[in-house]
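Q: Below is a structure I'd like to ask you about.
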2 protein chains.
Amino acid sequence: MSPATFTDAIQHQLQLTQYGLYPPELYDPIRYIMSLSGKRMRPLLTLMAAYLFTDDWRKAIQPALGVEVFHNFSLMHDDIMDQAPLRRGQPTVHEKWNQNTAILSGDVMLVNAYDLLLAVDADKLKPVMSRFSRTAAEVCEGQQLDMNFETRWDVTEDEYIQMIRLKTSVLLGYSLELGGLIAGADAETTRHLYEAGVNIGIGFQLKDDLLDVYGDPAKFGKQVGGDILANKKTFLLIEALQQAKGTVRDELTNWLHKPTTDKAQKVQAVTAIYEQLGIRQITESRISEYFSRGFANFDQITADPARKSFLIQFVRQLAERES
Amino acid sequence: MSPATFTDAIQHQLQLTQYGLYPPELYDPIRYIMSLSGKRMRPLLTLMAAYLFTDDWRKAIQPALGVEVFHNFSLMHDDIMDQAPLRRGQPTVHEKWNQNTAILSGDVMLVNAYDLLLAVDADKLKPVMSRFSRTAAEVCEGQQLDMNFETRWDVTEDEYIQMIRLKTSVLLGYSLELGGLIAGADAETTRHLYEAGVNIGIGFQLKDDLLDVYGDPAKFGKQVGGDILANKKTFLLIEALQQAKGTVRDELTNWLHKPTTDKAQKVQAVTAIYEQLGIRQITESRISEYFSRGFANFDQITADPARKSFLIQFVRQLAERES
């Protein structure tokens with residue numbers, strides 16, 4: 001078994017899936033956003049989690065794609081709310097078409113996501129759907145909190161972690177849990193899978209925040225310092241705002257509020273403040289902490305050792321990425 | 001059994017239902033739109049359809065509310081797309097809060113709708129969810145067609161009927177079908193229920209179009225002629241555009257394109273054109289036709305005669321309304 005087997009299965013299912021045909025204005029944007037390449041991390045996690053407990057992991061393919069469609073629905077609507085012009089280097093749906101199309105195509109994607117999940121065995125339908133609804137609502141809650149935080153300067157670390165848990169991590173948790181549910185794993189096991197996904201998801205998001213400042217420009221896909229220039233409330237900025245006192249705090253506040261004349265200078269100055277406050281070390285230690293918790297959750301799971309290390313290896317690679 | 005029994009049951013369930021608590025920015029708009037009084041026609045149809053086949057109609061209450069929540073989700077998002085300032089005389093969600101809130105609260109309402117449907121017996125889950133997803137996608141297709149028609153002057157009667165079938169009628173069909181599914185009716189019966197709802201739903205929408213022009217101002221809740229002033233592509237206008245030739249067509253086109261200086265004059269003039277072309281009679285005959293088809297669908301259903309006439313009586317009252 002190689003990771004390519006799972007990737008190919010997802011790719012094949014992506015090509016097979018009909019989102020709908022008429023009117024094209026409604027369905028073309030779905031095909032467009034689904035074609036923008038992504039890592040397909042969520043459906044891969046579902047398939048690998050199913051493979052822990054069954055050879056018949058292929059029955060998880062269609063539901064796994066449901067999670068990917070849901071993820072892309074949330075991107076389509078978030079991009080409207082964030083007025084984002086680009087997604088994976090291409091125009092966002094509301095830019096390429098218009099806002100109404102992005103609202104309505106997103107709506108029908110959410111319906112499509114549920115519909116793909118219906119492919120699970122009848123006796124698994126209730127837990128699969130019920131846990132999915134809970135997760136989907138939480139993703140919306142996380143997006144609302146993220147928007148609320150934009151106008152606040154007193155967000156605490158706990159609040160930030162709660163926001164990213166909801167906005168991004170619970171769906172990684174559900175991706176793994178779904179594989180377990182489909183493969184007939186017991187309740188305790190699916191809970192461990194879920195917790196593993198949530199913890200590792202928080203680690204991923206914190207690492208994203210860290211790489212934006214400390215990433216290697218040669219490896220990092222985006223402009224290093226982009227979050228600093230956008231005054232984005234990342235873990236690093238929130239931590240710095242909580243820690244900084246006296247003149248350091250005044251200096252940081254000053255950089256946040258004055259118009260940016262020299263971009264490189266602002267990135268350099270804010271990074272220097274982070275250094276002074278030890279923000280890099282704090283962030284790195286939180287990342288390790290969440291990854292450790294996630295791998296400890298995997299340790300609690302009883303499954304074929306080769307298959308388990310296959311999944312853990314895949315997650316470890318994702319965790320160690322530099323971009 | 002009186003209609004009030006069903007209405008009370010829905011009202012009680014509306015009070016019981018928790019849509020979510022935190023963050024309040026996400027869930028307050030749901031409570032708001034659900035509190036704006038509506039006829040609750042869809043859940044009533046579900047309960048009455050269930051009651052045709054079972055005394056245990058109360059198990060349809062929670063899923064019936066799912067349909068009502070879905071309906072209100074579609075109103076919340078449609079109001080953004082149509083830039084509507086008012087809904088049932090109150091500010092729309094995007095006006096009272098903002099557009100992002102209306103997008104995101106609507107999203108979580110769609111999730112809530114699915115979640116409420118999960119209350120059906122496990123053996124009914126698959127058909128209930130699968131038919132719901134099909135219906136929900138069609139409602140989105142109908143809204144997209146409606147938006148497409150705004151910039152077209154050559155919409156045909158068939159296209160218009162197809163649009164209202166998708167945008168509004170299939171959900172009435174599903175409301176009845178859902179009651180039958182929950183009560184264990186056979187496939188042929190649930191199909192008749194669905195078709196009855198669709199046909200009567202088309203009749204309702206055509207009657208709405210008619211009442212806007214020919215309603216009794218004393219009974220009709222809205223301003224008579226509102227659709228004419230807005231150049232709304234109703235069945236009447238589409239029919240008139242298809243029928244009008246020569247100078248009548250020029251006159252109609254003129255009223256549609258020139259700025260409105262005297263509202264009453266425009267309403268009177270366009271109504272006179274409708275009279276000249278016999279549009280009122282054509283519309284009335286289509287309404288009768290769809291209502292007759294709907295009642296013929298009911299005739300095909302075998303159920304307790306008293307309960308059946310109870311449902312038919314309710315639908316007939318809705319059909320005969322003057323506002």
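By order of appearance in the structure tokens: chains A, B, ..., then residues from 1 within every chain, and ligands from 1 in the order shown.
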What are the residues of chain A that have an atom within 7 Å of an atom of chain B, counting only C-alpha atoms, as a list of chain:residue names?
A: A:Pro23, A:Leu26, A:Met81, A:Asn100, A:Leu104, A:Val108, A:Val111, A:Asp115, A:Leu118, A:Lys126, A:Ser130, A:Ser133, A:Ala136, A:Ala137, A:Cys140, A:Glu141, A:Gln144, A:Leu145
Q: Could you pull the residues within 12 Å of Gly278 of chain A, counting only C-alpha atoms, minus those fewer than 3 positions along the same chain, as a list in words?
A: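 Once the adjacent positions are removed, what remains is Leu236, Leu237, Glu239, Ala240, Gln243, Ala244, Thr271, Ala272, Ile273, Tyr274, Glu275, Gln281, Ile282, Thr283, Glu284 and Ser285 of chain A.
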Q: Show which residues sit within 8 Å of Glu177 of chain A, as a list of chain:residue names. Count only C-alpha atoms, and ignore same-chain residues fewer than 3 positions away.
A: A:Thr46, A:Ala49, A:Gly173, A:Tyr174, A:Gly180, A:Leu181, A:Thr190, A:Arg191, A:Leu193, A:Tyr194
Q: Leaving out segment 252-267 of chain A and any residue of its chain fewer than 4 positions from it, which residues lie within 8 Å of it when counting only C-alpha atoms, given as a PDB file with C-alpha atoms, in the first residue's frame?
A:
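Result went into part.pdb, see below:
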ATOM      1  CA  GLY A 225       5.619  38.558   6.643  1.00  0.00           C
ATOM      2  CA  ILE A 228       2.422  41.104   9.764  1.00  0.00           C
ATOM      3  CA  LEU A 229       1.679  43.491   6.892  1.00  0.00           C
ATOM      4  CA  ASN A 231      -2.054  43.097  10.936  1.00  0.00           C
ATOM      5  CA  LEU A 241      -0.022  41.830  22.499  1.00  0.00           C
ATOM      6  CA  VAL A 248       7.805  47.591  23.666  1.00  0.00           C
ATOM      7  CA  THR A 271       9.749  40.387  13.893  1.00  0.00           C
ATOM      8  CA  ILE A 273       9.661  42.660  18.770  1.00  0.00           C
TER       9      ILE A 273
END
Q: Give me, please, the distance in Å between atom CA of Ala50 of chain A and atom CA of Ala183 of chain A, quoted to one decimal.
A: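 Computed distance, atom CA of Ala50 of chain A to atom CA of Ala183 of chain A, equals 5.1 Å.
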Q: Which parts of segment 12-180 of chain B does DSSP call helix (DSSP H, G or I) when run on the backbone here, written out as a ChimeraX atom specification?
A: /B:12-16,24-35,41-51,57-81,93-96,99-117,122-149,157-180
Q: Could you check the closest approach to Thr7 of chain A for each of A:Met34, A:Asp56, A:Leu65, A:Gly226 and tell me which residue wins, using only C-alpha atoms?
A: A:Leu65
Q: What does the structure give for the distance between atom CA of Met48 of chain B and atom CA of Phe310 of chain B, in Å to one decimal?
A: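 The value is 8.1 Å.
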Q: For the structure I just gave you, how does DSSP split segment 2-116 of chain A - specifically, which residues are strand (DSSP E)? Reply as a PyMOL selection string.
A: chain A and resi 86-87+90-91
Q: Using only C-alpha atoms, please write the residues we just selected to a file, as an mmCIF file, in the first residue's frame.
A:
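Below you can see out17.cif, which holds the result:
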data_model
loop_
_atom_site.group_PDB
_atom_site.id
_atom_site.type_symbol
_atom_site.label_atom_id
_atom_site.label_comp_id
_atom_site.auth_asym_id
_atom_site.auth_seq_id
_atom_site.Cartn_x
_atom_site.Cartn_y
_atom_site.Cartn_z
ATOM 1 C CA LEU A 86 -7.248 35.005 -4.850
ATOM 2 C CA ARG A 87 -7.477 31.369 -3.766
ATOM 3 C CA GLN A 90 -6.433 31.876 -8.966
ATOM 4 C CA PRO A 91 -9.355 34.342 -8.858
#
Q: Show me, as an MDAnalysis selection string, the residues that have an atom within 9 Å of Ile61 of chain A when counting only C-alpha atoms, minus same-chain residues fewer than 2 positions from it.
A: chainID A and resid 6 9:10 13 43 46:47 57:59 63:66
Q: Between atom CA of Leu75 of chain B and atom CA of Leu52 of chain B, what is the spacing in Å?
A: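 Between atom CA of Leu52 of chain B and atom CA of Leu75 of chain B the gap works out to 29.4 Å.
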